[in-house]
>>> print(open('run.txt').read())   # compact mmCIF, C-alpha atoms
# COMPACT_ATOMS: atom_id res chain seq x y z
CA MET U 1 0.00 0.00 0.00
CA SER U 2 1.47 3.36 -1.04
CA GLU U 3 2.20 6.13 1.42
CA ALA U 4 -0.48 8.21 -0.29
CA HIS U 5 -3.03 5.54 0.58
CA SER U 6 -1.72 4.96 4.08
CA ALA U 7 -1.48 8.67 4.95
CA PRO U 8 -5.19 9.10 5.66
CA HIS U 9 -5.01 6.12 7.98
CA ALA U 10 -2.31 7.76 10.07
CA ASP U 11 -3.06 7.86 13.76
CA HIS U 12 -5.04 11.07 14.43
CA SER U 13 -3.53 11.26 17.90
CA SER U 14 -0.04 11.56 16.42
CA GLU U 15 -1.32 14.34 14.16
CA ASN U 16 -2.74 16.08 17.24
CA GLU U 17 0.64 15.77 18.97
CA LYS U 18 2.28 17.29 15.93
CA TYR U 19 -0.30 20.10 16.07
CA HIS U 20 0.85 21.02 19.58
CA ALA U 21 4.49 20.80 18.46
CA PHE U 22 3.70 23.14 15.54
CA ILE U 23 2.02 25.67 17.85
CA ASN U 24 4.94 25.65 20.26
CA LEU U 25 7.47 25.92 17.48
CA ALA U 26 5.62 28.82 15.83
CA LEU U 27 5.64 30.72 19.13
CA VAL U 28 9.34 30.02 19.64
CA LEU U 29 10.20 31.14 16.10
CA ALA U 30 8.22 34.36 16.54
CA ALA U 31 9.99 35.05 19.83
CA ILE U 32 13.40 34.40 18.29
CA THR U 33 12.63 36.81 15.46
CA GLY U 34 11.82 39.47 18.04
CA ILE U 35 15.01 38.74 19.94
CA GLU U 36 17.06 39.07 16.73
CA LEU U 37 15.47 42.44 16.01
CA VAL U 38 16.32 43.74 19.48
CA LEU U 39 19.77 42.18 19.56
CA VAL U 40 21.26 44.29 16.76
CA TYR U 41 20.48 47.46 18.66
CA LEU U 42 22.16 46.34 21.89
CA PRO U 43 25.59 47.80 22.72
CA PHE U 44 27.36 44.45 22.97
CA ASN U 45 30.51 43.14 21.37
CA GLU U 46 30.07 42.77 17.60
CA PHE U 47 31.45 39.26 17.50
CA LEU U 48 29.09 38.19 20.30
CA ILE U 49 26.05 39.64 18.56
CA PHE U 50 27.12 38.11 15.25
CA SER U 51 27.58 34.67 16.84
CA VAL U 52 24.24 34.81 18.63
CA LEU U 53 22.46 35.88 15.42
CA ILE U 54 24.01 33.02 13.49
CA ALA U 55 23.13 30.55 16.24
CA LEU U 56 19.51 31.74 16.40
CA SER U 57 19.18 31.59 12.61
CA LEU U 58 20.61 28.10 12.53
CA PHE U 59 18.15 27.03 15.22
CA LYS U 60 15.24 28.46 13.21
CA PHE U 61 16.58 26.84 10.04
CA VAL U 62 16.97 23.39 11.58
CA SER U 63 13.72 23.46 13.53
CA VAL U 64 11.62 24.40 10.47
CA ILE U 65 13.27 21.59 8.51
CA ALA U 66 12.90 19.08 11.32
CA TRP U 67 9.32 19.74 12.41
CA PHE U 68 7.43 21.79 9.81
CA MET U 69 9.03 19.83 6.95
CA HIS U 70 8.58 16.56 8.87
CA LEU U 71 12.14 15.43 8.32
CA ILE U 72 12.43 13.91 11.80
CA TYR U 73 9.33 11.86 11.11
CA ASP U 74 10.50 10.68 7.69
CA ARG U 75 13.10 8.26 6.44
CA LEU U 76 16.83 8.91 6.62
CA LEU U 77 17.04 8.81 2.82
CA LEU U 78 15.22 12.14 2.60
CA THR U 79 17.62 13.69 5.10
CA LEU U 80 20.52 12.45 3.00
CA ALA U 81 18.90 13.73 -0.19
CA PHE U 82 18.51 17.24 1.21
CA GLY U 83 21.61 17.17 3.36
CA THR U 84 23.89 16.47 0.43
CA GLY U 85 22.78 19.61 -1.39
CA LEU U 86 22.89 21.60 1.82
CA ALA U 87 26.41 20.40 2.62
CA ILE U 88 27.67 21.27 -0.86
CA ALA U 89 26.03 24.70 -0.64
CA THR U 90 27.48 25.39 2.81
CA GLY U 91 30.93 24.23 1.77
CA THR U 92 30.79 26.39 -1.33
CA VAL U 93 29.78 29.47 0.65
CA ILE U 94 32.52 28.95 3.25
CA ALA U 95 35.16 28.24 0.60
CA LEU U 96 34.22 31.32 -1.41
CA MET U 97 34.27 33.54 1.67
CA PHE U 98 37.82 32.41 2.42
CA ILE U 99 39.05 32.46 -1.18
CA MET U 100 37.64 35.88 -2.02
CA ASP U 101 39.43 37.63 0.81
CA ARG U 102 40.85 41.08 0.13
CA GLY U 103 44.34 39.68 0.55
CA PHE U 104 43.84 37.17 -2.24
CA VAL U 105 42.08 39.39 -4.73
CA ASP U 106 44.17 41.29 -7.26
CA PHE U 107 42.16 44.49 -7.59
CA GLU U 108 44.44 45.91 -10.24
CA ALA U 109 43.83 42.93 -12.48
CA ILE U 110 40.05 43.21 -11.95
CA THR U 111 39.86 46.94 -12.58
CA ALA U 112 42.25 46.84 -15.54
CA PHE U 113 39.28 46.29 -17.83
CA MET S 114 7.23 -12.72 0.45
CA SER S 115 3.47 -12.07 0.70
CA ASP S 116 1.45 -10.79 -2.22
CA ALA S 117 0.74 -7.55 -0.37
CA ALA S 118 4.40 -6.97 0.36
CA THR S 119 5.33 -7.80 -3.21
CA ALA S 120 2.68 -5.43 -4.47
CA HIS S 121 3.97 -2.73 -2.16
CA ASN S 122 7.54 -3.19 -3.27
CA ASN S 123 6.49 -3.14 -6.88
CA ASP S 124 4.47 0.04 -6.38
CA SER S 125 5.83 2.51 -8.90
CA HIS S 126 5.44 5.33 -6.37
CA HIS S 127 7.90 3.81 -3.91
CA ASN S 128 11.05 2.56 -5.62
CA LEU S 129 13.22 3.46 -2.61
CA MET S 130 10.68 2.88 0.19
CA VAL S 131 9.74 6.57 0.15
CA ASP S 132 7.23 8.32 -2.05
CA ASN S 133 8.93 9.32 -5.30
CA LYS S 134 7.31 12.76 -5.28
CA LYS S 135 8.66 13.53 -1.81
CA LEU S 136 12.11 12.24 -2.70
CA LEU S 137 12.22 14.32 -5.87
CA MET S 138 11.12 17.44 -4.02
CA TRP S 139 13.78 16.97 -1.34
CA LEU S 140 16.41 16.50 -4.06
CA PHE S 141 15.18 19.64 -5.80
CA LEU S 142 15.32 21.57 -2.52
CA GLY S 143 18.87 20.36 -2.01
CA SER S 144 19.78 21.75 -5.41
CA ASP S 145 17.96 24.98 -4.63
CA CYS S 146 20.13 25.27 -1.53
CA MET S 147 23.14 25.41 -3.82
CA PHE S 148 21.38 27.96 -6.00
CA PHE S 149 20.64 30.33 -3.12
CA GLY S 150 23.95 29.56 -1.44
CA THR S 151 25.87 30.90 -4.41
CA MET S 152 23.76 34.04 -4.57
CA ILE S 153 24.07 34.71 -0.85
CA SER S 154 27.80 34.17 -0.95
CA THR S 155 28.12 36.47 -3.99
CA HIS S 156 26.36 39.25 -2.10
CA LEU S 157 28.45 38.71 1.03
CA ILE S 158 31.69 38.57 -0.93
CA TYR S 159 31.00 41.85 -2.70
CA ARG S 160 30.08 43.42 0.63
CA LYS S 161 33.38 42.17 1.97
CA LEU S 162 35.41 43.37 -1.01
CA TYR S 163 33.67 46.73 -1.41
CA PRO S 164 32.32 47.68 2.02
CA GLU S 165 32.43 51.38 1.23
CA SER S 166 30.36 51.07 -1.94
CA PHE S 167 27.00 51.51 -0.22
CA ASP S 168 25.60 51.91 3.29
CA PRO S 169 22.28 50.07 3.40
CA THR S 170 21.48 50.93 7.02
CA SER S 171 20.06 54.26 5.87
CA LEU S 172 17.59 52.45 3.60
CA PHE S 173 16.79 49.18 5.35
CA SER S 174 13.76 49.22 7.58
CA LEU S 175 14.39 46.43 10.07
CA GLU S 176 10.87 46.77 11.43
CA LEU S 177 9.30 46.10 8.03
CA THR S 178 11.68 43.25 7.28
CA SER S 179 11.11 41.71 10.70
CA PHE S 180 7.38 41.94 10.09
CA SER S 181 7.87 40.19 6.72
CA THR S 182 9.91 37.48 8.43
CA PHE S 183 7.24 37.00 11.07
CA ILE S 184 4.54 36.81 8.37
CA LEU S 185 6.47 34.16 6.47
CA LEU S 186 7.10 32.13 9.63
CA MET S 187 3.40 32.19 10.46
CA SER S 188 2.55 31.16 6.89
CA SER S 189 4.89 28.21 7.36
CA PHE S 190 3.00 27.32 10.53
CA LEU S 191 -0.33 27.45 8.71
CA MET S 192 1.12 25.32 5.92
CA ALA S 193 2.13 22.68 8.46
CA LEU S 194 -1.42 22.74 9.81
CA ALA S 195 -2.81 22.41 6.27
CA VAL S 196 -0.67 19.33 5.62
CA SER S 197 -1.75 17.87 8.94
CA ALA S 198 -5.40 18.56 8.09
CA MET S 199 -5.03 16.78 4.76
CA HIS S 200 -3.53 13.76 6.51
CA LYS S 201 -6.59 13.73 8.76
CA CYS S 202 -8.83 14.07 5.65
CA ASP S 203 -10.25 17.30 7.06
CA MET S 204 -10.88 19.26 3.84
CA LYS S 205 -12.50 22.25 5.58
CA SER S 206 -9.53 22.76 7.84
CA PHE S 207 -7.18 22.23 4.92
CA ARG S 208 -8.90 24.94 2.83
CA ARG S 209 -8.99 27.32 5.79
CA ASN S 210 -5.28 26.95 6.44
CA ILE S 211 -4.33 27.13 2.76
CA ILE S 212 -6.24 30.41 2.44
CA GLY S 213 -4.25 31.67 5.41
CA VAL S 214 -0.97 30.66 3.77
CA ILE S 215 -1.96 32.36 0.52
CA PHE S 216 -3.02 35.50 2.38
CA PHE S 217 0.23 35.69 4.35
CA GLY S 218 2.24 34.95 1.22
CA LEU S 219 0.57 37.85 -0.55
CA ILE S 220 1.28 40.11 2.42
CA PHE S 221 4.95 39.13 2.23
CA LEU S 222 5.06 39.85 -1.49
CA GLY S 223 3.34 43.18 -0.88
CA CYS S 224 5.97 44.11 1.69
CA GLN S 225 8.72 43.16 -0.77
CA VAL S 226 7.18 45.25 -3.54
CA TYR S 227 6.83 48.22 -1.18
CA GLU S 228 10.42 47.83 -0.02
CA PHE S 229 11.79 47.56 -3.57
CA THR S 230 9.79 50.61 -4.62
CA GLU S 231 11.14 52.64 -1.72
CA PHE S 232 14.69 51.55 -2.55
CA ALA S 233 14.21 52.50 -6.20
CA HIS S 234 13.00 55.96 -5.18
CA GLU S 235 16.16 56.37 -3.11
CA GLY S 236 18.34 55.37 -6.05
CA LEU S 237 19.07 51.75 -5.20
CA THR S 238 18.22 49.65 -8.25
CA LEU S 239 19.41 46.50 -9.98
CA LYS S 240 21.88 48.59 -11.99
CA SER S 241 23.21 50.79 -9.22
CA GLY S 242 26.48 49.07 -8.38
CA THR S 243 27.45 45.73 -6.90
CA PHE S 244 25.26 46.05 -3.82
CA GLY S 245 22.13 46.82 -5.81
CA SER S 246 22.67 44.05 -8.34
CA THR S 247 23.47 41.32 -5.82
CA PHE S 248 20.78 42.43 -3.39
CA PHE S 249 17.98 42.57 -5.94
CA MET S 250 19.11 39.35 -7.65
CA LEU S 251 18.96 37.52 -4.33
CA THR S 252 15.79 38.98 -2.87
CA GLY S 253 14.10 39.12 -6.27
CA THR S 254 14.79 35.45 -6.91
CA HIS S 255 13.44 34.62 -3.49
CA GLY S 256 10.37 36.75 -4.22
CA VAL S 257 9.79 34.84 -7.45
CA HIS S 258 9.98 31.60 -5.48
CA VAL S 259 7.35 32.94 -3.08
CA ALA S 260 5.15 34.04 -5.98
CA ILE S 261 5.38 30.60 -7.58
CA GLY S 262 4.45 29.06 -4.23
CA VAL S 263 1.45 31.35 -3.86
CA PHE S 264 0.29 30.51 -7.40
CA TRP S 265 0.72 26.78 -6.67
CA LEU S 266 -1.34 27.05 -3.49
CA ILE S 267 -4.05 29.10 -5.20
CA CYS S 268 -4.36 26.37 -7.84
CA MET S 269 -4.48 23.75 -5.11
CA TYR S 270 -7.17 25.67 -3.25
CA PHE S 271 -9.42 25.95 -6.28
CA TYR S 272 -8.75 22.32 -7.19
CA SER S 273 -9.95 21.32 -3.70
CA HIS S 274 -13.33 22.82 -4.59
CA THR S 275 -13.78 20.81 -7.79
CA GLY S 276 -14.64 17.64 -5.91
CA LYS S 277 -11.80 15.80 -7.66
CA MET S 278 -9.38 16.21 -4.76
CA ASP S 279 -9.39 12.96 -2.83
CA PRO S 280 -7.68 13.44 0.56
CA HIS S 281 -6.34 9.89 0.39
CA GLU S 282 -4.67 10.48 -2.96
CA SER S 283 -3.68 14.11 -2.52
CA ALA S 284 -2.05 14.03 0.92
CA VAL S 285 1.40 13.56 -0.59
CA ASP S 286 0.79 16.29 -3.15
CA VAL S 287 -0.09 18.72 -0.36
CA GLU S 288 2.93 17.60 1.60
CA VAL S 289 5.19 18.25 -1.39
CA ALA S 290 3.72 21.74 -1.78
CA GLY S 291 4.32 22.24 1.93
CA LEU S 292 7.97 21.25 1.57
CA TYR S 293 8.44 23.88 -1.12
CA TRP S 294 6.75 26.56 0.97
CA HIS S 295 8.77 25.74 4.09
CA PHE S 296 11.97 25.87 2.06
CA VAL S 297 11.09 29.34 0.81
CA ASP S 298 10.64 30.31 4.45
CA ILE S 299 13.97 28.93 5.65
CA VAL S 300 15.80 30.65 2.80
CA TRP S 301 14.28 33.93 3.96
CA ILE S 302 15.46 33.18 7.51
CA ILE S 303 19.01 33.04 6.17
CA ILE S 304 18.59 36.11 3.96
CA PHE S 305 17.09 38.13 6.83
CA THR S 306 20.11 37.41 9.02
CA ALA S 307 22.91 37.48 6.47
CA ILE S 308 21.74 40.41 4.36
CA TYR S 309 19.70 42.63 6.68
CA LEU S 310 20.64 42.07 10.32
CA ILE S 311 24.38 41.78 9.75
CA GLU S 312 24.50 45.29 8.29
CA PHE S 313 23.33 46.76 11.60
CA ILE S 314 25.98 45.15 13.77
>>> encode(input="run.txt", output="structure tokens")
Amino acid sequence: MSEAHSAPHADHSSENEKYHAFINLALVLAAITGIELVLVYLPFNEFLIFSVLIALSLFKFVSVIAWFMHLIYDRLLLTLAFGTGLAIATGTVIALMFIMDRGFVDFEAITAF
Amino acid sequence: MSDAATAHNNDSHHNLMVDNKKLLMWLFLGSDCMFFGTMISTHLIYRKLYPESFDPTSLFSLELTSFSTFILLMSSFLMALAVSAMHKCDMKSFRRNIIGVIFFGLIFLGCQVYEFTEFAHEGLTLKSGTFGSTFFMLTGTHGVHVAIGVFWLICMYFYSHTGKMDPHESAVDVEVAGLYWHFVDIVWIIIFTAIYLIEFI
């Protein structure tokens, strides 16, 4: 029996549990967004604020994927399918940020045209 | 092996023990991660190389962008509820939540249009330097993704009224649409932090 046929037969109690998880997560995500907005205006160390912002964003990113996108309830294959692309994208971003540093870029060669 | 198990394994929708539509969507989202990753990194690199080219803090309205982020997060929440409703074969709840997602999606797009218009009036356009081109390419592409998602959900909503939408058959289709919408949301989470918030530190 396909998943499409078995989906309607899913236990309604598990769907109700997910409903409560969704509510809680939505409230947490809204609160985090508010915290991020306030955080940038606080007179703290730049590196600290930057790190906290990144951490909060990563938490939001992972929690939406895990719960709203149902990845924790699904098979590992789907995590691998998405995770591969995500890992390549993250690696590319990090590599480019290091490669394209001011010290490595020859501005004269770029502006020669 | 029993006939039922054999039939299940031979089901053309489940070659790898997961629904093919879901697997394909997750693979597509993985590729879209690379797509947005390159655009985000391009913007950040040009900001790093030419920090004096433009100061966006005078233009960015963090309040409006935070509101947009909140709207998109809540639309993601409603989308999760819509998928859950479809799994429970509750068509009324599904339609109600989908309308909410569409409404919030349109609000987000409206905020983006307003923001882009304001920027254009202040001289920041797609052609006004590296910041303008990378910023509008990134946020514009994301906006197009949101627009496609809204159009998809509108079609799904009207299809649910035709009487041809069987909850048993369409649960996976709704779930796949939900995956796309949630992805659009998580991309915005990254854009909000990396493009908007970082400028104010």
>>> residues_around(input="run.txt", residues="range 146-154 of chain S", least_positions_apart="3", cutoff="12 Å", atoms="all atoms listed in the file", output="JSON list (two decimals) with C-alpha atoms, in the coordinates of the input")
[["chain", "number", "residue", "atom", "x", "y", "z"],
["U", 81, "ALA", "CA", 18.90, 13.73, -0.19],
["U", 82, "PHE", "CA", 18.51, 17.24, 1.21],
["U", 83, "GLY", "CA", 21.61, 17.17, 3.36],
["U", 84, "THR", "CA", 23.89, 16.47, 0.43],
["U", 85, "GLY", "CA", 22.78, 19.61, -1.39],
["U", 86, "LEU", "CA", 22.89, 21.60, 1.82],
["U", 87, "ALA", "CA", 26.41, 20.40, 2.62],
["U", 88, "ILE", "CA", 27.67, 21.27, -0.86],
["U", 89, "ALA", "CA", 26.03, 24.70, -0.64],
["U", 90, "THR", "CA", 27.48, 25.39, 2.81],
["U", 91, "GLY", "CA", 30.93, 24.23, 1.77],
["U", 92, "THR", "CA", 30.79, 26.39, -1.33],
["U", 93, "VAL", "CA", 29.78, 29.47, 0.65],
["U", 94, "ILE", "CA", 32.52, 28.95, 3.25],
["U", 95, "ALA", "CA", 35.16, 28.24, 0.60],
["U", 96, "LEU", "CA", 34.22, 31.32, -1.41],
["U", 97, "MET", "CA", 34.27, 33.54, 1.67],
["U", 98, "PHE", "CA", 37.82, 32.41, 2.42],
["U", 99, "ILE", "CA", 39.05, 32.46, -1.18],
["U", 100, "MET", "CA", 37.64, 35.88, -2.02],
["S", 139, "TRP", "CA", 13.78, 16.97, -1.34],
["S", 140, "LEU", "CA", 16.41, 16.50, -4.06],
["S", 141, "PHE", "CA", 15.18, 19.64, -5.80],
["S", 142, "LEU", "CA", 15.32, 21.57, -2.52],
["S", 143, "GLY", "CA", 18.87, 20.36, -2.01],
["S", 157, "LEU", "CA", 28.45, 38.71, 1.03],
["S", 158, "ILE", "CA", 31.69, 38.57, -0.93],
["S", 159, "TYR", "CA", 31.00, 41.85, -2.70],
["S", 160, "ARG", "CA", 30.08, 43.42, 0.63],
["S", 161, "LYS", "CA", 33.38, 42.17, 1.97],
["S", 162, "LEU", "CA", 35.41, 43.37, -1.01],
["S", 244, "PHE", "CA", 25.26, 46.05, -3.82],
["S", 246, "SER", "CA", 22.67, 44.05, -8.34],
["S", 247, "THR", "CA", 23.47, 41.32, -5.82],
["S", 248, "PHE", "CA", 20.78, 42.43, -3.39],
["S", 249, "PHE", "CA", 17.98, 42.57, -5.94],
["S", 250, "MET", "CA", 19.11, 39.35, -7.65],
["S", 251, "LEU", "CA", 18.96, 37.52, -4.33],
["S", 252, "THR", "CA", 15.79, 38.98, -2.87],
["S", 253, "GLY", "CA", 14.10, 39.12, -6.27],
["S", 254, "THR", "CA", 14.79, 35.45, -6.91],
["S", 255, "HIS", "CA", 13.44, 34.62, -3.49],
["S", 258, "HIS", "CA", 9.98, 31.60, -5.48],
["S", 293, "TYR", "CA", 8.44, 23.88, -1.12],
["S", 296, "PHE", "CA", 11.97, 25.87, 2.06],
["S", 297, "VAL", "CA", 11.09, 29.34, 0.81],
["S", 299, "ILE", "CA", 13.97, 28.93, 5.65],
["S", 300, "VAL", "CA", 15.80, 30.65, 2.80],
["S", 301, "TRP", "CA", 14.28, 33.93, 3.96],
["S", 303, "ILE", "CA", 19.01, 33.04, 6.17],
["S", 304, "ILE", "CA", 18.59, 36.11, 3.96],
["S", 305, "PHE", "CA", 17.09, 38.13, 6.83],
["S", 306, "THR", "CA", 20.11, 37.41, 9.02],
["S", 307, "ALA", "CA", 22.91, 37.48, 6.47],
["S", 308, "ILE", "CA", 21.74, 40.41, 4.36],
["S", 309, "TYR", "CA", 19.70, 42.63, 6.68]]
>>> atom_distance(input="run.txt", atom1="CA of Ala284 in chain S", atom2="CA of Met199 in chain S")
5.6 Å
>>> atom_distance(input="run.txt", atom1="CA of Gly256 in chain S", atom2="CA of Phe221 in chain S")
8.8 Å
>>> atom_distance(input="run.txt", atom1="CA of Leu219 in chain S", atom2="CA of Tyr270 in chain S")
14.7 Å
>>> residues_around(input="run.txt", residues="range 25-37 of chain U", least_positions_apart="3", cutoff="8 Å", atoms="all atoms listed in the file", output="list in words")
Ala21, Phe22, Val40, Tyr41, Leu53, Leu56, Lys60 and Ser63 of chain U; Leu175, Glu176, Ser179, Thr182, Phe183, Leu186, Met187, Phe190 and Leu310 of chain S
